[in-house]
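Structure file query05.pdb; described as PDB, C-alpha atoms.
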```pdb
MODEL        1
ATOM      1  CA  MET J1125       0.000   0.000   0.000
ATOM      2  CA  SER J1126       1.294   3.452  -0.912
ATOM      3  CA  HIS J1127       0.390   6.887   0.367
ATOM      4  CA  ILE J1128      -0.885   9.055  -2.514
ATOM      5  CA  TYR J1129      -1.491  12.759  -2.014
ATOM      6  CA  VAL J1130      -3.892  14.333  -4.530
ATOM      7  CA  TYR J1131      -3.774  18.078  -5.121
ATOM      8  CA  SER J1132      -4.844  20.598  -7.775
ATOM      9  CA  PRO J1133      -2.101  22.961  -9.011
ATOM     10  CA  SER J1134      -3.788  24.074 -12.242
ATOM     11  CA  SER J1135      -7.396  24.123 -13.440
ATOM     12  CA  ALA J1136     -10.423  23.482 -11.276
ATOM     13  CA  VAL J1137     -11.870  19.972 -11.186
ATOM     14  CA  ARG J1138     -15.072  20.119 -13.232
ATOM     15  CA  ASP J1139     -15.728  16.405 -13.724
ATOM     16  CA  LYS J1140     -16.495  15.454 -10.139
ATOM     17  CA  ALA J1141     -17.688  11.993 -11.168
ATOM     18  CA  ALA J1142     -14.314  11.157 -12.717
ATOM     19  CA  PHE J1143     -12.586  12.584  -9.647
ATOM     20  CA  ARG J1144     -14.597  10.316  -7.344
ATOM     21  CA  ARG J1145     -13.975   7.309  -9.599
ATOM     22  CA  GLY J1146     -10.261   8.027  -9.534
ATOM     23  CA  VAL J1147     -10.124   8.182  -5.750
ATOM     24  CA  ALA J1148     -12.196   5.016  -5.473
ATOM     25  CA  ARG J1149      -9.988   3.220  -7.996
ATOM     26  CA  LEU J1150      -6.778   4.027  -6.135
ATOM     27  CA  ARG J1151      -8.322   2.923  -2.854
ATOM     28  CA  THR J1152      -9.564  -0.289  -4.481
ATOM     29  CA  LEU J1153      -5.971  -0.935  -5.557
ATOM     30  CA  GLY J1154      -5.051  -0.767  -1.885
ATOM     31  CA  HIS J1155      -3.563   2.711  -1.626
ATOM     32  CA  GLU J1156      -4.049   5.310   1.055
ATOM     33  CA  VAL J1157      -5.411   8.387  -0.703
ATOM     34  CA  GLU J1158      -5.089  11.753   1.008
ATOM     35  CA  LEU J1159      -6.932  14.685  -0.540
ATOM     36  CA  ASP J1160      -5.541  18.183  -0.250
ATOM     37  CA  GLU J1161      -7.858  20.553   1.569
ATOM     38  CA  ALA J1162      -8.185  22.721  -1.556
ATOM     39  CA  VAL J1163      -8.341  19.927  -4.132
ATOM     40  CA  LEU J1164     -11.874  20.868  -5.237
ATOM     41  CA  LYS J1165     -11.570  24.626  -4.847
ATOM     42  CA  SER J1166     -12.615  26.846  -7.736
ATOM     43  CA  HIS J1167     -11.646  30.403  -8.643
ATOM     44  CA  MET J1168     -12.513  31.489 -12.175
ATOM     45  CA  ARG J1169     -11.075  28.597 -14.242
ATOM     46  CA  PHE J1170      -8.474  27.732 -11.618
ATOM     47  CA  ALA J1171      -8.396  25.360  -8.655
ATOM     48  CA  GLY J1172      -8.311  28.298  -6.294
ATOM     49  CA  ASP J1173      -6.479  31.597  -6.617
ATOM     50  CA  ASP J1174      -2.720  31.692  -7.091
ATOM     51  CA  GLU J1175      -1.940  31.712  -3.377
ATOM     52  CA  THR J1176      -4.273  28.767  -2.763
ATOM     53  CA  ARG J1177      -2.620  26.644  -5.431
ATOM     54  CA  LEU J1178       0.889  27.537  -4.293
ATOM     55  CA  ALA J1179      -0.078  26.513  -0.770
ATOM     56  CA  ALA J1180      -1.447  23.222  -2.109
ATOM     57  CA  ILE J1181       1.864  22.469  -3.819
ATOM     58  CA  GLY J1182       3.642  23.212  -0.561
ATOM     59  CA  ARG J1183       1.346  20.840   1.336
ATOM     60  CA  ALA J1184       1.958  18.130  -1.274
ATOM     61  CA  ALA J1185       5.695  18.552  -0.755
ATOM     62  CA  ALA J1186       5.290  18.396   3.019
ATOM     63  CA  SER J1187       2.910  15.428   2.983
ATOM     64  CA  GLY J1188       5.545  12.722   3.129
ATOM     65  CA  ALA J1189       3.517  10.803   0.541
ATOM     66  CA  ASP J1190       4.983   8.236  -1.791
ATOM     67  CA  VAL J1191       3.300  10.006  -4.711
ATOM     68  CA  ALA J1192       2.058  13.566  -5.133
ATOM     69  CA  LEU J1193      -0.511  13.162  -7.916
ATOM     70  CA  ILE J1194      -2.268  16.002  -9.725
ATOM     71  CA  SER J1195      -6.042  15.877  -9.983
ATOM     72  CA  ARG J1196      -5.939  17.259 -13.541
ATOM     73  CA  GLY J1197      -3.989  19.527 -15.881
ATOM     74  CA  GLY J1198      -5.515  22.456 -17.733
ATOM     75  CA  TYR J1199      -3.873  25.821 -17.139
ATOM     76  CA  GLY J1200      -2.493  27.804 -14.240
ATOM     77  CA  LEU J1201       1.040  26.774 -13.350
ATOM     78  CA  THR J1202       2.959  29.138 -15.629
ATOM     79  CA  ARG J1203       1.482  32.168 -13.866
ATOM     80  CA  ILE J1204       2.759  31.026 -10.448
ATOM     81  CA  LEU J1205       6.225  29.714 -11.360
ATOM     82  CA  PRO J1206       8.102  32.537  -9.550
ATOM     83  CA  GLY J1207       6.400  31.534  -6.291
ATOM     84  CA  LEU J1208       7.003  27.775  -6.446
ATOM     85  CA  PRO J1209       8.714  26.324  -3.355
ATOM     86  CA  PHE J1210      11.534  24.758  -5.372
ATOM     87  CA  LYS J1211      13.726  23.847  -2.403
ATOM     88  CA  GLN J1212      10.800  22.299  -0.539
ATOM     89  CA  ILE J1213       9.787  20.219  -3.562
ATOM     90  CA  THR J1214      13.374  19.075  -4.086
ATOM     91  CA  ARG J1215      13.711  18.026  -0.449
ATOM     92  CA  ALA J1216      10.476  16.065  -0.767
ATOM     93  CA  ILE J1217      11.835  14.284  -3.843
ATOM     94  CA  GLU J1218      15.049  13.471  -1.977
ATOM     95  CA  ARG J1219      12.951  11.976   0.831
ATOM     96  CA  GLY J1220      11.168   9.728  -1.656
ATOM     97  CA  THR J1221       8.057  11.562  -2.883
ATOM     98  CA  HIS J1222       7.407  11.065  -6.595
ATOM     99  CA  PHE J1223       5.692  14.051  -8.228
ATOM    100  CA  VAL J1224       3.551  12.684 -11.081
ATOM    101  CA  GLY J1225       1.474  14.395 -13.751
ATOM    102  CA  LEU J1226       1.217  15.635 -17.329
ATOM    103  CA  SER J1227      -0.133  18.454 -19.486
ATOM    104  CA  ASP J1228       0.067  21.783 -17.587
ATOM    105  CA  PHE J1229       2.186  19.976 -14.981
ATOM    106  CA  THR J1230       5.018  20.224 -17.534
ATOM    107  CA  ALA J1231       5.547  23.813 -16.329
ATOM    108  CA  LEU J1232       6.384  22.645 -12.820
ATOM    109  CA  GLN J1233       8.575  19.841 -14.150
ATOM    110  CA  MET J1234      10.580  22.067 -16.477
ATOM    111  CA  SER J1235      11.033  24.876 -13.961
ATOM    112  CA  LEU J1236      12.099  22.467 -11.221
ATOM    113  CA  LEU J1237      14.610  20.833 -13.554
ATOM    114  CA  ALA J1238      15.938  24.260 -14.537
ATOM    115  CA  LYS J1239      16.224  25.536 -10.969
ATOM    116  CA  THR J1240      17.305  22.486  -8.953
ATOM    117  CA  GLY J1241      17.706  19.492 -11.256
ATOM    118  CA  GLY J1242      14.885  17.718  -9.430
ATOM    119  CA  ILE J1243      13.545  14.578 -11.102
ATOM    120  CA  THR J1244       9.783  14.195 -11.539
ATOM    121  CA  TRP J1245       7.580  11.759 -13.450
ATOM    122  CA  ALA J1246       5.505  12.341 -16.562
ATOM    123  CA  GLY J1247       2.511  10.120 -16.028
ATOM    124  CA  PRO J1248      -1.194   9.942 -15.232
ATOM    125  CA  ALA J1249      -3.561  12.403 -13.609
ATOM    126  CA  LEU J1250      -6.244  11.315 -11.182
ATOM    127  CA  GLY J1251      -9.389  12.174 -13.118
ATOM    128  CA  GLU J1252      -8.289  11.631 -16.695
ATOM    129  CA  ASP J1253      -6.634   8.284 -16.044
ATOM    130  CA  PHE J1254      -7.676   6.589 -12.812
ATOM    131  CA  GLY J1255     -11.092   8.199 -13.128
ATOM    132  CA  ALA J1256     -11.754   6.757 -16.573
ATOM    133  CA  GLU J1257     -14.696   4.359 -16.885
ATOM    134  CA  ALA J1258     -12.163   1.583 -17.503
ATOM    135  CA  PRO J1259      -8.626   2.609 -16.428
ATOM    136  CA  ASP J1260      -5.917   1.315 -18.751
ATOM    137  CA  ASP J1261      -4.050  -1.795 -17.615
ATOM    138  CA  ILE J1262      -0.680  -0.668 -18.977
ATOM    139  CA  MET J1263      -0.956   2.738 -17.301
ATOM    140  CA  GLU J1264      -1.790   1.105 -13.983
ATOM    141  CA  ALA J1265       1.021  -1.435 -14.344
ATOM    142  CA  CYS J1266       3.550   1.331 -15.018
ATOM    143  CA  PHE J1267       2.246   3.305 -12.043
ATOM    144  CA  ASP J1268       2.555   0.212  -9.857
ATOM    145  CA  ASP J1269       6.121  -0.314 -11.080
ATOM    146  CA  LEU J1270       6.952   3.196  -9.923
ATOM    147  CA  LEU J1271       5.482   2.550  -6.487
ATOM    148  CA  VAL J1272       7.390  -0.680  -5.916
ATOM    149  CA  GLY J1273      10.595   0.570  -7.502
ATOM    150  CA  HIS J1274      10.586  -1.881 -10.403
ATOM    151  CA  GLY J1275      10.274   0.596 -13.259
ATOM    152  CA  GLU J1276      13.273   0.235 -15.543
ATOM    153  CA  GLY J1277      12.171   1.484 -18.943
ATOM    154  CA  ALA J1278       9.530   1.813 -21.612
ATOM    155  CA  GLY J1279       9.426   0.220 -25.033
ATOM    156  CA  TRP J1280       7.222   0.687 -28.067
ATOM    157  CA  THR J1281       6.913  -0.177 -31.739
ATOM    158  CA  LEU J1282       7.618   2.630 -34.175
ATOM    159  CA  PRO J1283       4.993   3.247 -36.869
ATOM    160  CA  ALA J1284       5.951   1.323 -39.990
ATOM    161  CA  ALA J1285       6.179   4.482 -42.091
ATOM    162  CA  ASP J1286       8.566   6.085 -39.603
ATOM    163  CA  ALA J1287      10.792   3.180 -38.655
ATOM    164  CA  ALA J1288      13.741   3.951 -40.924
ATOM    165  CA  LYS J1289      13.301   7.664 -41.483
ATOM    166  CA  ASP J1290      16.149   8.744 -39.222
ATOM    167  CA  ALA J1291      18.111   5.652 -38.265
ATOM    168  CA  SER J1292      17.575   1.946 -38.565
ATOM    169  CA  GLU J1293      19.813   1.606 -35.539
ATOM    170  CA  LEU J1294      20.524   4.184 -32.847
ATOM    171  CA  ARG J1295      22.193   4.060 -29.431
ATOM    172  CA  VAL J1296      22.116   6.987 -27.041
ATOM    173  CA  ARG J1297      23.600   6.549 -23.578
ATOM    174  CA  GLY J1298      23.303   8.729 -20.496
ATOM    175  CA  ALA J1299      21.161  11.489 -22.011
ATOM    176  CA  THR J1300      18.804  13.634 -19.964
ATOM    177  CA  LEU J1301      15.151  12.845 -20.675
ATOM    178  CA  TRP J1302      13.044  15.981 -20.637
ATOM    179  CA  GLY J1303      10.010  17.660 -22.175
ATOM    180  CA  GLY J1304       6.292  17.047 -21.933
ATOM    181  CA  ASN J1305       3.451  19.137 -23.302
ATOM    182  CA  LEU J1306       4.512  21.002 -26.448
ATOM    183  CA  ASN J1307       2.444  24.114 -25.712
ATOM    184  CA  VAL J1308       3.923  24.473 -22.253
ATOM    185  CA  VAL J1309       7.505  23.837 -23.353
ATOM    186  CA  CYS J1310       7.166  26.533 -26.020
ATOM    187  CA  ALA J1311       5.638  28.949 -23.519
ATOM    188  CA  LEU J1312       8.804  28.669 -21.411
ATOM    189  CA  VAL J1313      11.276  29.384 -24.218
ATOM    190  CA  GLY J1314      13.244  32.522 -23.375
ATOM    191  CA  THR J1315      12.410  32.313 -19.669
ATOM    192  CA  PRO J1316      14.529  31.065 -16.746
ATOM    193  CA  TYR J1317      12.062  28.203 -16.309
ATOM    194  CA  LEU J1318      13.118  26.139 -19.322
ATOM    195  CA  PRO J1319      16.160  23.947 -18.626
ATOM    196  CA  ALA J1320      19.113  24.373 -20.978
ATOM    197  CA  VAL J1321      19.496  20.713 -21.891
ATOM    198  CA  LYS J1322      22.117  19.824 -24.468
ATOM    199  CA  GLY J1323      22.632  16.298 -25.721
ATOM    200  CA  GLY J1324      19.314  15.239 -24.214
ATOM    201  CA  ILE J1325      16.273  13.294 -25.354
ATOM    202  CA  LEU J1326      13.300  15.614 -25.793
ATOM    203  CA  PHE J1327       9.806  14.098 -25.716
ATOM    204  CA  LEU J1328       6.694  16.024 -26.721
ATOM    205  CA  GLU J1329       2.915  15.559 -26.824
ATOM    206  CA  ASP J1330      -0.186  17.706 -27.091
ATOM    207  CA  THR J1331      -3.938  17.592 -27.507
ATOM    208  CA  ASN J1332      -6.677  19.695 -29.107
ATOM    209  CA  GLU J1333      -4.152  21.362 -31.397
ATOM    210  CA  HIS J1334      -4.493  21.440 -35.186
ATOM    211  CA  PRO J1335      -1.364  20.199 -37.015
ATOM    212  CA  TYR J1336      -0.545  23.724 -38.239
ATOM    213  CA  ARG J1337      -0.331  24.890 -34.621
ATOM    214  CA  ILE J1338       1.817  21.888 -33.747
ATOM    215  CA  GLU J1339       4.122  22.729 -36.654
ATOM    216  CA  ARG J1340       4.326  26.368 -35.595
ATOM    217  CA  GLN J1341       5.392  25.362 -32.104
ATOM    218  CA  LEU J1342       7.918  22.837 -33.379
ATOM    219  CA  THR J1343       9.239  25.601 -35.636
ATOM    220  CA  GLN J1344       9.852  27.708 -32.547
ATOM    221  CA  LEU J1345      11.889  24.925 -30.953
ATOM    222  CA  VAL J1346      13.860  24.471 -34.168
ATOM    223  CA  HIS J1347      14.579  28.174 -34.603
ATOM    224  CA  ALA J1348      15.510  28.516 -30.928
ATOM    225  CA  GLY J1349      18.179  25.879 -31.471
ATOM    226  CA  ILE J1350      16.631  23.501 -28.975
ATOM    227  CA  VAL J1351      15.856  20.626 -31.338
ATOM    228  CA  GLY J1352      19.310  20.736 -32.898
ATOM    229  CA  GLN J1353      20.976  20.374 -29.492
ATOM    230  CA  GLN J1354      19.282  17.047 -28.721
ATOM    231  CA  LYS J1355      20.384  13.470 -29.337
ATOM    232  CA  ALA J1356      16.822  12.521 -30.265
ATOM    233  CA  VAL J1357      13.262  13.851 -30.292
ATOM    234  CA  LEU J1358      10.436  11.497 -29.325
ATOM    235  CA  LEU J1359       6.885  12.372 -30.345
ATOM    236  CA  GLY J1360       4.049  11.009 -28.262
ATOM    237  CA  SER J1361       0.337  11.389 -28.895
ATOM    238  CA  PHE J1362      -1.076  14.437 -30.698
ATOM    239  CA  ASN J1363      -4.814  13.943 -30.745
ATOM    240  CA  ARG J1364      -8.340  15.381 -30.452
ATOM    241  CA  PHE J1365      -8.038  17.752 -33.390
ATOM    242  CA  LYS J1366     -10.078  18.076 -36.583
ATOM    243  CA  LEU J1367      -8.735  18.690 -40.053
ATOM    244  CA  VAL J1368     -10.642  21.122 -42.270
ATOM    245  CA  PRO J1369     -11.965  19.434 -45.436
ATOM    246  CA  GLY J1370     -11.248  21.442 -48.556
ATOM    247  CA  TYR J1371      -8.832  23.727 -46.745
ATOM    248  CA  ASP J1372      -6.009  21.641 -45.302
ATOM    249  CA  ARG J1373      -5.710  19.790 -48.626
ATOM    250  CA  GLY J1374      -3.427  17.040 -47.441
ATOM    251  CA  PHE J1375      -1.739  19.006 -44.679
ATOM    252  CA  ASN J1376      -1.871  16.720 -41.654
ATOM    253  CA  LEU J1377       0.175  15.493 -38.722
ATOM    254  CA  LYS J1378       2.176  13.145 -40.931
ATOM    255  CA  ARG J1379       3.233  16.102 -43.065
ATOM    256  CA  VAL J1380       4.284  18.003 -39.942
ATOM    257  CA  VAL J1381       6.545  15.173 -38.808
ATOM    258  CA  GLU J1382       8.008  14.832 -42.288
ATOM    259  CA  TRP J1383       8.715  18.561 -42.361
ATOM    260  CA  LEU J1384      10.359  18.484 -38.932
ATOM    261  CA  ARG J1385      12.774  15.822 -40.122
ATOM    262  CA  THR J1386      13.881  18.068 -42.987
ATOM    263  CA  GLN J1387      14.756  20.851 -40.540
ATOM    264  CA  THR J1388      17.173  19.021 -38.279
ATOM    265  CA  ARG J1389      19.814  16.340 -38.171
ATOM    266  CA  THR J1390      18.442  15.196 -34.818
ATOM    267  CA  PRO J1391      16.646  11.852 -35.182
ATOM    268  CA  VAL J1392      12.877  12.177 -34.730
ATOM    269  CA  PHE J1393      10.851   9.148 -33.683
ATOM    270  CA  SER J1394       7.091   8.951 -33.206
ATOM    271  CA  GLY J1395       4.700   6.575 -31.507
ATOM    272  CA  LEU J1396       5.891   7.114 -27.926
ATOM    273  CA  PRO J1397       3.010   5.855 -25.731
ATOM    274  CA  PHE J1398       2.528   9.047 -23.786
ATOM    275  CA  GLY J1399       0.181  12.010 -23.807
ATOM    276  CA  HIS J1400      -3.549  12.570 -23.457
ATOM    277  CA  VAL J1401      -4.292   8.918 -24.135
ATOM    278  CA  GLN J1402      -5.367   6.107 -21.856
ATOM    279  CA  THR J1403      -2.405   3.853 -22.585
ATOM    280  CA  LYS J1404       0.579   5.783 -21.289
ATOM    281  CA  VAL J1405       3.905   4.916 -19.722
ATOM    282  CA  LEU J1406       5.637   6.800 -16.919
ATOM    283  CA  LEU J1407       8.792   8.704 -17.823
ATOM    284  CA  PRO J1408      11.453  10.065 -15.423
ATOM    285  CA  VAL J1409      11.814  13.724 -16.346
ATOM    286  CA  GLY J1410      15.343  14.959 -15.706
ATOM    287  CA  ARG J1411      16.900  11.532 -15.312
ATOM    288  CA  LYS J1412      19.774  10.153 -17.370
ATOM    289  CA  VAL J1413      18.432   7.443 -19.658
ATOM    290  CA  ASP J1414      19.556   5.282 -22.563
ATOM    291  CA  LEU J1415      17.697   5.054 -25.862
ATOM    292  CA  MET J1416      17.935   2.113 -28.222
ATOM    293  CA  VAL J1417      16.298   1.903 -31.645
ATOM    294  CA  GLU J1418      16.559  -1.143 -33.866
ATOM    295  CA  GLY J1419      14.269  -1.249 -36.866
ATOM    296  CA  ARG J1420      10.777  -0.685 -35.486
ATOM    297  CA  ASP J1421      11.737  -1.464 -31.880
ATOM    298  CA  ALA J1422      12.405   1.480 -29.581
ATOM    299  CA  LEU J1423      13.341   1.343 -25.901
ATOM    300  CA  ILE J1424      14.080   3.963 -23.246
ATOM    301  CA  TYR J1425      15.639   2.465 -20.164
ATOM    302  CA  TRP J1426      16.996   3.770 -16.906
ATOM    303  CA  GLY J1427      17.069   0.681 -14.688
TER     304      GLY J1427
ENDMDL
END
```

Any chance you could give the structure as structure tokens?
Amino acid sequence: MSHIYVYSPSSAVRDKAAFRRGVARLRTLGHEVELDEAVLKSHMRFAGDDETRLAAIGRAAASGADVALISRGGYGLTRILPGLPFKQITRAIERGTHFVGLSDFTALQMSLLAKTGGITWAGPALGEDFGAEAPDDIMEACFDDLLVGHGEGAGWTLPAADAAKDASELRVRGATLWGGNLNVVCALVGTPYLPAVKGGILFLEDTNEHPYRIERQLTQLVHAGIVGQQKAVLLGSFNRFKLVPGYDRGFNLKRVVEWLRTQTRTPVFSGLPFGHVQTKVLLPVGRKVDLMVEGRDALIYWG
């Protein structure tokens, strides 16, 4: 049994049914679930005003929990980055608390990595994942591996069309794994809250963004020199968008990825099982990892 502390650092919880299902699911799995006192607060679109959410992050860090799990993503962390208790969060990590989340949580992960080098985990959120009508088995297995200390890596099969685009065989050793939500990463470019990672492995995902917006954001990372400084770029899920018939005229996500590969010598691989999808792995943000690609087989490992 693990102690899981649930808090809301970004948007307000609107889907209360999914929230309750998520809590019930974790308790059914045998975990002790502690809810932050402000976890269901609401202020405009946020889970409480800025001070309330900063206090919640501080309580999560002080909880002594095995996992500090966000209730949901949304928006709100970038506006409070200067007030984050970086030292307190880092001490909590050193004591064994795993901070887990995705989406807007990328802002906390990137700023912490930039300021202290603290390692966090890109992974599920309470409502979106554990609160699903049928939580994904792979997601839960990866989460369980984290709790028992057995997590050693994540493997996936590259899409057939992408398998040999950049390298039929690639070995990268001891590279910093970093990234997360593409929108959030781009929003931090030019600020002190984006880590200056060179020779790393950058992973990216996003949702509800048309491919032209995804391309525009990738363009920013290319022009900023960030993509070119990496050993590899891993693309996760980009979903929940609609193409415009008669207007896009063949411009789609595949074209975006093809274009990106023409703009950099950095290998770009897609199909990473991470993002706003049910089947997602957990990834150690800020940790040194190895990457192996052979044909259509890709593996990140840190064990």

Picked residues, the PyMOL selection byres ((chain J and resi 1252) around 9), expected as a PyMOL selection string: chain J and resi 1142-1143+1146+1195-1196+1248-1251+1253-1256+1400-1402

Got a sec to resolve the PyMOL selection byres ((chain J and resi 1207) around 10) on this structure and send the residues as a JSON list (two decimals) with C-alpha atoms, keeping the file's coordinate frame?
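Saved the output as part-v6.json:
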```
[["chain", "number", "residue", "atom", "x", "y", "z"],
["J", 1174, "ASP", "CA", -2.72, 31.69, -7.09],
["J", 1175, "GLU", "CA", -1.94, 31.71, -3.38],
["J", 1178, "LEU", "CA", 0.89, 27.54, -4.29],
["J", 1179, "ALA", "CA", -0.08, 26.51, -0.77],
["J", 1203, "ARG", "CA", 1.48, 32.17, -13.87],
["J", 1204, "ILE", "CA", 2.76, 31.03, -10.45],
["J", 1205, "LEU", "CA", 6.22, 29.71, -11.36],
["J", 1206, "PRO", "CA", 8.10, 32.54, -9.55],
["J", 1208, "LEU", "CA", 7.00, 27.78, -6.45],
["J", 1209, "PRO", "CA", 8.71, 26.32, -3.36],
["J", 1210, "PHE", "CA", 11.53, 24.76, -5.37]]
```

Point-to-point distance from atom CA of Arg1183 of chain J to atom CA of Glu1161 of chain J, Å rounded to tenths: 9.2 Å

Residues in the PyMOL selection byres ((chain J and resi 1335) around 9), expressed as a PyMOL selection string: chain J and resi 1333-1334+1336-1340+1362+1365-1367+1375-1380

Option closest in space to Lys1355 of chain J, from J:Glu1276, J:Asp1139, J:Glu1158, J:Asp1414 [counting all atoms listed in the file]: J:Asp1414

Neighbour list for Gly1277 of chain J as a PyMOL selection string, cut-off 12 Å, only C-alpha atoms, skip fewer than 4 positions in-chain: chain J and resi 1266+1269-1270+1273+1301+1405-1408+1411-1416+1422-1427

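The residue set within 9 Å of His1155 of chain J, counting all atoms listed in the file and dropping same-chain residues fewer than 6 places from it, reads J:Met1125, J:Ser1126, J:His1127, J:Ile1128.
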
Point-to-point distance from atom CA of Ser1235 of chain J to atom CA of Leu1318 of chain J, Å rounded to tenths: 5.9 Å

Two-atom distance - atom CA of Gly1241 of chain J, atom CA of Arg1215 of chain J (Å): 11.6 Å

Axis-aligned box for segment 1155-1162 of chain J, 6 Å per side, centre and edges in Å as AutoDock Vina command-line options:
```
--center_x -5.9 --center_y 12.7 --center_z 0.0 --size_x 16.6 --size_y 32.0 --size_z 15.2
```

Contact residues around Ala1180 of chain J with only C-alpha atoms at 12 Å, ignoring same-chain residues under 3 positions, as a PyMOL selection string: chain J and resi 1129-1134+1159-1165+1171-1177+1183-1187+1192-1195+1208-1209+1213

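Using only C-alpha atoms, the smallest distance between any of J:Leu1271, J:Leu1294, J:Val1157, J:Leu1359 and Gly1419 of chain J comes from J:Leu1294.
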